[in-house]
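As provided, start_38.tsv (TSV, C-alpha atoms) reads as follows.
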chain	number	residue	atom	x	y	z
A	125	MET	CA	-3.56	-0.30	8.98
A	126	ALA	CA	-2.11	2.65	7.05
A	127	GLY	CA	-3.11	5.35	9.45
A	128	GLN	CA	-6.62	4.26	10.26
A	129	LYS	CA	-6.33	4.33	14.03
A	130	ASP	CA	-5.55	7.85	15.12
A	131	GLY	CA	-4.38	11.08	13.62
A	132	ARG	CA	-1.57	11.82	16.03
A	133	GLY	CA	1.89	12.14	14.62
A	134	GLY	CA	3.16	11.62	11.15
A	135	PRO	CA	1.12	11.19	8.03
A	136	ARG	CA	-1.50	8.96	9.57
A	137	ASN	CA	-4.77	10.84	9.34
A	138	ARG	CA	-7.54	8.70	7.98
A	139	THR	CA	-10.67	10.05	9.66
A	140	GLY	CA	-12.30	13.36	8.93
A	141	ARG	CA	-11.80	14.55	12.49
A	142	THR	CA	-8.05	14.28	12.37
A	143	HIS	CA	-7.53	14.91	8.69
A	144	ASP	CA	-4.98	17.54	7.90
A	145	PRO	CA	-6.74	20.30	5.92
A	146	TYR	CA	-3.47	21.22	4.22
A	147	SER	CA	-2.90	17.78	2.74
A	148	THR	CA	-3.62	17.14	-0.91
A	149	PRO	CA	-6.69	15.28	-2.14
A	150	LEU	CA	-6.28	11.49	-2.34
A	151	ARG	CA	-3.81	11.72	0.52
A	152	ASP	CA	-4.90	8.50	2.22
A	153	ALA	CA	-5.37	6.64	-1.03
A	154	ASN	CA	-1.87	7.63	-2.13
A	155	ARG	CA	-0.43	6.34	1.13
A	156	ASP	CA	-2.32	3.05	0.87
A	157	ARG	CA	-1.17	2.56	-2.69
A	158	LEU	CA	2.42	3.39	-1.76
A	159	TYR	CA	2.49	0.81	1.04
A	160	GLY	CA	0.83	-1.74	-1.21
A	161	PHE	CA	3.42	-1.04	-3.89
A	162	LEU	CA	6.26	-1.47	-1.40
A	163	THR	CA	4.72	-4.70	-0.12
A	164	ALA	CA	4.30	-6.13	-3.60
A	165	ARG	CA	7.85	-5.28	-4.63
A	166	ALA	CA	9.17	-6.71	-1.37
A	167	ALA	CA	7.20	-9.89	-2.08
A	168	TRP	CA	8.78	-10.24	-5.52
A	169	THR	CA	12.22	-9.58	-4.03
A	170	LEU	CA	11.66	-12.23	-1.41
A	171	LEU	CA	10.51	-14.64	-4.10
A	172	ILE	CA	13.84	-14.24	-5.88
A	173	TYR	CA	15.72	-14.80	-2.62
A	174	LEU	CA	13.68	-17.95	-1.94
A	175	GLN	CA	14.23	-19.28	-5.44
A	176	GLU	CA	17.95	-19.13	-4.77
A	177	ILE	CA	18.03	-20.82	-1.37
A	178	ASN	CA	14.70	-22.54	-0.65
A	179	LYS	CA	12.72	-24.19	-3.44
A	180	ALA	CA	9.93	-25.39	-1.19
A	181	GLY	CA	9.56	-21.94	0.31
A	182	ALA	CA	9.57	-20.43	-3.18
A	183	GLY	CA	6.75	-22.73	-4.21
A	184	PHE	CA	4.72	-21.82	-1.18
A	185	TRP	CA	5.44	-18.13	-1.74
A	186	THR	CA	4.38	-18.25	-5.39
A	187	GLU	CA	1.11	-19.90	-4.47
A	188	TYR	CA	0.47	-17.41	-1.68
A	189	MET	CA	1.19	-14.44	-3.95
A	190	SER	CA	-1.21	-15.79	-6.57
A	191	THR	CA	-3.98	-16.44	-4.06
A	192	HIS	CA	-3.53	-13.14	-2.17
A	193	PRO	CA	-3.13	-10.39	-4.77
A	194	ILE	CA	-2.60	-6.77	-3.76
A	195	PRO	CA	-5.14	-4.81	-5.82
A	196	TYR	CA	-4.48	-1.39	-7.27
A	197	HIS	CA	-7.75	0.20	-6.16
A	198	TYR	CA	-10.10	-0.41	-3.31
A	199	GLY	CA	-13.75	-0.84	-4.13
A	200	GLY	CA	-15.09	-3.81	-5.96
A	201	GLU	CA	-11.90	-5.81	-6.10
A	202	GLY	CA	-10.54	-5.09	-2.65
A	203	LYS	CA	-10.73	-3.20	0.61
A	204	ILE	CA	-8.33	-0.61	1.96
A	205	ALA	CA	-6.41	-3.22	3.95
A	206	ASP	CA	-5.99	-5.21	0.74
A	207	VAL	CA	-4.62	-2.24	-1.20
A	208	SER	CA	-2.12	-1.31	1.51
A	209	GLY	CA	-0.87	-4.90	1.71
A	210	GLU	CA	-1.95	-5.29	5.32
A	211	ASN	CA	-4.11	-8.33	4.72
A	212	PHE	CA	-1.31	-9.89	2.69
A	213	ILE	CA	1.03	-9.70	5.68
A	214	LEU	CA	-1.54	-10.54	8.35
A	215	GLY	CA	-2.58	-13.64	6.43
A	216	LEU	CA	1.01	-14.86	6.67
A	217	MET	CA	1.29	-13.93	10.31
A	218	ASN	CA	-1.81	-15.95	11.21
A	219	MET	CA	-0.64	-19.11	9.43
A	220	SER	CA	1.15	-21.92	11.20
A	221	PRO	CA	4.34	-23.60	10.00
A	222	THR	CA	3.76	-26.46	7.58
A	223	ASN	CA	5.89	-29.40	6.53
A	224	ILE	CA	6.29	-29.93	2.79
A	225	GLU	CA	7.24	-33.44	1.75
A	226	GLU	CA	10.14	-33.78	-0.66
A	227	LYS	CA	9.72	-35.87	-3.77
A	228	TYR	CA	11.52	-39.26	-3.94
A	229	ARG	CA	13.00	-38.72	-0.50
A	230	ASP	CA	11.90	-39.58	2.97
A	231	ASN	CA	12.34	-36.01	4.06
A	232	TYR	CA	10.36	-32.84	4.56
A	233	ILE	CA	11.09	-29.11	4.62
A	234	THR	CA	9.39	-26.79	7.06
A	235	VAL	CA	7.97	-23.54	5.71
A	236	ASP	CA	7.36	-20.90	8.36
A	237	PRO	CA	4.96	-18.22	7.03
A	238	PRO	CA	5.29	-15.85	10.04
A	239	ALA	CA	9.08	-15.84	9.58
A	240	LEU	CA	8.57	-15.08	5.91
A	241	ALA	CA	6.27	-12.22	6.90
A	242	VAL	CA	8.92	-10.74	9.18
A	243	ARG	CA	11.45	-11.05	6.38
A	244	LEU	CA	8.98	-9.33	4.07
A	245	LEU	CA	8.63	-6.44	6.52
A	246	ASP	CA	12.41	-6.05	6.64
A	247	ILE	CA	12.65	-5.97	2.86
A	248	ARG	CA	9.80	-3.47	2.69
A	249	TYR	CA	11.60	-1.21	5.12
A	250	ALA	CA	14.82	-1.45	3.11
A	251	LEU	CA	12.96	-0.64	-0.11
A	252	GLY	CA	11.41	2.40	1.55
A	253	LEU	CA	14.83	3.63	2.64
A	254	SER	CA	16.24	3.14	-0.84
A	255	GLN	CA	13.32	5.11	-2.26
A	256	ILE	CA	14.03	7.97	0.14
A	257	GLN	CA	17.65	8.00	-0.96
A	258	ALA	CA	16.63	7.97	-4.61
A	259	HIS	CA	14.30	10.91	-4.06
A	260	ALA	CA	16.98	12.80	-2.18
A	261	LEU	CA	19.34	12.32	-5.11
A	262	PHE	CA	16.63	13.31	-7.55
A	263	THR	CA	15.75	16.53	-5.75
A	264	ALA	CA	19.26	17.51	-4.74
A	265	PRO	CA	20.35	20.93	-5.98
A	266	PRO	CA	23.03	20.85	-8.71
J	1264	MET	CA	-12.93	33.74	-24.35
J	1265	LEU	CA	-9.68	32.43	-25.73
J	1266	TYR	CA	-8.13	32.09	-22.28
J	1267	GLY	CA	-11.21	30.74	-20.61
J	1268	ARG	CA	-12.07	27.59	-18.76
J	1269	ASN	CA	-11.53	25.18	-21.62
J	1270	THR	CA	-7.95	26.30	-22.16
J	1271	TYR	CA	-7.28	26.10	-18.46
J	1272	TRP	CA	-8.48	22.51	-18.26
J	1273	GLN	CA	-6.49	21.57	-21.32
J	1274	LEU	CA	-3.46	23.02	-19.66
J	1275	LEU	CA	-4.16	21.16	-16.43
J	1276	GLN	CA	-4.32	17.86	-18.25
J	1277	LEU	CA	-0.86	18.32	-19.67
J	1278	HIS	CA	2.33	17.34	-17.97
J	1279	THR	CA	4.52	20.08	-16.58
J	1280	ALA	CA	7.34	19.17	-18.95
J	1281	GLN	CA	5.06	19.73	-21.93
J	1282	LEU	CA	4.13	23.25	-20.89
J	1283	ASP	CA	7.35	24.72	-22.24
J	1284	CYS	CA	6.47	23.53	-25.76
J	1285	LEU	CA	2.96	24.93	-25.65
J	1286	PRO	CA	3.43	28.28	-27.45
J	1287	ILE	CA	5.18	26.58	-30.36
J	1288	GLN	CA	2.55	23.89	-30.71
J	1289	TYR	CA	-0.44	26.09	-30.25
J	1290	THR	CA	0.44	28.60	-32.98
J	1291	HIS	CA	-0.83	25.99	-35.43
J	1292	THR	CA	-4.26	25.83	-33.83
J	1293	SER	CA	-7.16	28.14	-34.16
J	1294	TYR	CA	-6.57	30.00	-30.89
J	1295	ARG	CA	-3.39	31.70	-29.83
J	1296	LEU	CA	-1.61	31.15	-26.59
J	1297	LEU	CA	1.06	33.61	-25.57
J	1298	ALA	CA	4.16	32.51	-23.74
J	1299	ASP	CA	3.64	34.95	-20.89
J	1300	SER	CA	-0.10	34.62	-20.55
J	1301	PRO	CA	-1.36	34.80	-16.96
J	1302	THR	CA	-3.28	31.55	-17.40
J	1303	ARG	CA	-0.16	29.65	-18.33
J	1304	ARG	CA	1.81	31.19	-15.50
J	1305	LEU	CA	-0.92	30.36	-13.03
J	1306	THR	CA	-1.15	26.80	-14.27
J	1307	VAL	CA	2.58	26.25	-14.04
J	1308	PHE	CA	2.57	27.74	-10.58
J	1309	PHE	CA	-0.20	25.46	-9.34
J	1310	SER	CA	1.31	22.43	-11.02
J	1311	ASN	CA	4.64	22.98	-9.32
J	1312	LEU	CA	2.88	23.61	-6.02
J	1313	THR	CA	0.88	20.39	-6.25
J	1314	ARG	CA	3.92	18.45	-7.35
J	1315	ALA	CA	5.94	19.72	-4.41
J	1316	ALA	CA	3.15	18.89	-1.97
J	1317	LEU	CA	2.77	15.38	-3.37
J	1318	HIS	CA	6.52	14.87	-3.18
J	1319	ASP	CA	6.65	15.98	0.45
J	1320	GLU	CA	3.81	13.64	1.36
J	1321	LEU	CA	5.45	10.78	-0.49
J	1322	VAL	CA	8.70	11.21	1.41
J	1323	ALA	CA	6.76	11.50	4.68
J	1324	ASP	CA	4.96	8.24	3.93
J	1325	LEU	CA	8.19	6.52	2.96
J	1326	SER	CA	9.79	7.54	6.24
J	1327	HIS	CA	6.96	5.91	8.19
J	1328	VAL	CA	7.35	2.38	6.86
J	1329	ARG	CA	9.09	1.33	10.07
J	1330	GLU	CA	6.20	2.47	12.25
J	1331	GLU	CA	3.81	0.79	9.86
J	1332	ASN	CA	5.71	-2.49	10.21
J	1333	GLY	CA	5.53	-2.18	13.98
J	1334	ASP	CA	1.79	-1.59	13.84
J	1335	ILE	CA	1.26	-4.66	11.67
J	1336	MET	CA	3.38	-6.77	14.05
J	1337	LYS	CA	1.34	-5.58	17.02
J	1338	LEU	CA	-1.89	-6.29	15.19
J	1339	ALA	CA	-0.73	-9.81	14.32
J	1340	CYS	CA	0.22	-10.46	17.94
J	1341	MET	CA	-3.18	-9.28	19.11
J	1342	GLN	CA	-4.94	-11.49	16.58
J	1343	ASN	CA	-2.90	-14.53	17.60
J	1344	LEU	CA	-3.67	-13.84	21.26
J	1345	GLU	CA	-7.35	-13.51	20.46
J	1346	ASN	CA	-7.36	-16.75	18.50
J	1347	SER	CA	-5.62	-18.60	21.31
J	1348	ILE	CA	-8.19	-17.36	23.82
J	1349	LYS	CA	-10.97	-18.44	21.49
J	1350	LEU	CA	-9.44	-21.88	21.22
J	1351	ASP	CA	-9.26	-22.18	25.00
J	1352	CYS	CA	-12.89	-21.17	25.45
J	1353	ASP	CA	-14.27	-23.36	22.68
J	1354	VAL	CA	-15.65	-25.96	25.06
J	1355	VAL	CA	-19.36	-26.89	25.03
J	1356	PHE	CA	-20.52	-28.08	28.43
J	1357	SER	CA	-24.13	-28.77	27.48
J	1358	ASP	CA	-26.44	-29.13	24.52
J	1359	GLU	CA	-28.84	-26.41	25.62
J	1360	ASP	CA	-28.57	-24.68	22.27
J	1361	GLN	CA	-30.19	-27.63	20.58
J	1362	GLU	CA	-33.32	-27.11	22.70
J	1363	ALA	CA	-33.98	-23.69	21.22
J	1364	PRO	CA	-37.51	-22.93	19.89
J	1365	GLY	CA	-36.36	-23.32	16.32
J	1366	ASN	CA	-35.12	-26.85	16.86
J	1367	GLU	CA	-38.31	-28.73	17.94
J	1368	GLY	CA	-38.31	-30.94	14.90
J	1369	TRP	CA	-34.71	-31.99	15.30

Please render this file's structure as structure tokens.
Amino acid sequence: MAGQKDGRGGPRNRTGRTHDPYSTPLRDANRDRLYGFLTARAAWTLLIYLQEINKAGAGFWTEYMSTHPIPYHYGGEGKIADVSGENFILGLMNMSPTNIEEKYRDNYITVDPPALAVRLLDIRYALGLSQIQAHALFTAPP
Amino acid sequence: MLYGRNTYWQLLQLHTAQLDCLPIQYTHTSYRLLADSPTRRLTVFFSNLTRAALHDELVADLSHVREENGDIMKLACMQNLENSIKLDCDVVFSDEDQEAPGNEGW
């Protein structure tokens, strides 16, 4: 995603037709990397939450994070949607809930990847807000 | 020649915080760099300008995370809808494809 659709409103200007001539070089790459960074940090935050309350979910989440890395650059190792974390989230959204059998018990725990994806989006939004507050504090006049 | 292109690029590769120490450090080198040289002033000016622009764009991107989340949710819904339609239409009523010209020997 990350501003690839249209150039109307906000910082989303991917194409040459709608690109803002006053923006800095690497504008789109910086935005993709920022969203990928937020997604990765939100994923680690969610992993810690899951380790506290849901061991089966934490196991699933660890495996998913290892099999779906968010690369630093696009090019040989990944596409733009990989760098911005979009494929990471869409892969979760397109999965169906699975039942994980518990050891030594006749019981199972349901892991719902789309729900985890929504939780990840919430955490990403919160991290973005906290970053804005940190920057406001950093740039505030003395 | 002392304040030419090479010096300018060396200045550009430095961090802004290091620029204040430049006159002290560079008195030990072969070329001299004055504290009030126009090259240094220009470099500091452009560095601050670029830094401010990058900061503004960063804050603008950070304030659009919510819209980005909404776009990803919409895209996921569209993909799920598309997959469900594909599942509904995945019914083969005949084996006409097996009678294609490339399949005589089958």

Next on the checklist: Just checking: using only C-alpha atoms, which residue out of A:Glu226, A:Glu210, A:Asp236, A:Glu176 ends up closest to chain J?
Outcome noted: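 When distances to chain J are compared using only C-alpha atoms, the smallest one comes from A:Glu210.
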
Next on the checklist: Near chain J, meaning an atom within 7 Å, which residues of chain A appear when counting only C-alpha atoms? Write them as a list in words.
Outcome noted: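 Close enough to count are Ala126, Pro135, Arg155, Leu214, Met217, Asn218, Leu245, Tyr249, Gly252 and Ile256 of chain A.
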
Output of the above residues as a PDB file, in the coordinates of the input, restricted to C-alpha atoms:
ATOM      1  CA  ALA A 126      -2.110   2.650   7.050  1.00  0.00           C
ATOM      2  CA  PRO A 135       1.120  11.190   8.030  1.00  0.00           C
ATOM      3  CA  ARG A 155      -0.430   6.340   1.130  1.00  0.00           C
ATOM      4  CA  LEU A 214      -1.540 -10.540   8.350  1.00  0.00           C
ATOM      5  CA  MET A 217       1.290 -13.930  10.310  1.00  0.00           C
ATOM      6  CA  ASN A 218      -1.810 -15.950  11.210  1.00  0.00           C
ATOM      7  CA  LEU A 245       8.630  -6.440   6.520  1.00  0.00           C
ATOM      8  CA  TYR A 249      11.600  -1.210   5.120  1.00  0.00           C
ATOM      9  CA  GLY A 252      11.410   2.400   1.550  1.00  0.00           C
ATOM     10  CA  ILE A 256      14.030   7.970   0.140  1.00  0.00           C
TER      11      ILE A 256
END

Item to check | Given all atoms listed in the file as the counted atoms, nearest of A:Asp156, A:Arg243, A:Gly202, A:Ser220 to A:Tyr173 | outcome: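 Selected residue with least distance to A:Tyr173: A:Arg243.
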
Checklist outcome for this item: Residue with the minimum atom-to-atom distance to A:Ala182, picked from A:Ile224, A:Val242, A:Leu253, A:Ile204 with all atoms listed in the file counted, is A:Ile224

Next on the checklist: Quick check, in Å to one decimal: how far apart do atom CA of A:Leu174 and atom CA of A:Ser208 lie?
Outcome noted: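 Taking atom CA of A:Leu174 as the start and atom CA of A:Ser208 as the end point, the length is 23.2 Å.
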
Next on the checklist: Just checking: using only C-alpha atoms, which residue out of A:Leu216, A:Ile247, A:Ile177, A:Ala258 ends up closest to A:His192?
Outcome noted: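 Of A:Leu216, A:Ile247, A:Ile177, A:Ala258, the one nearest A:His192 is A:Leu216, counting only C-alpha atoms.
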
Checklist outcome for this item: re atom CA of A:Asn211 and atom CA of A:Pro195: distance 11.2 Å

Item to check | Atom pair atom CA of A:Ala241 / atom CA of A:Tyr188: separation (Å) | outcome: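 Atom-to-atom, atom CA of A:Ala241 and atom CA of A:Tyr188 are spaced 11.6 Å apart.
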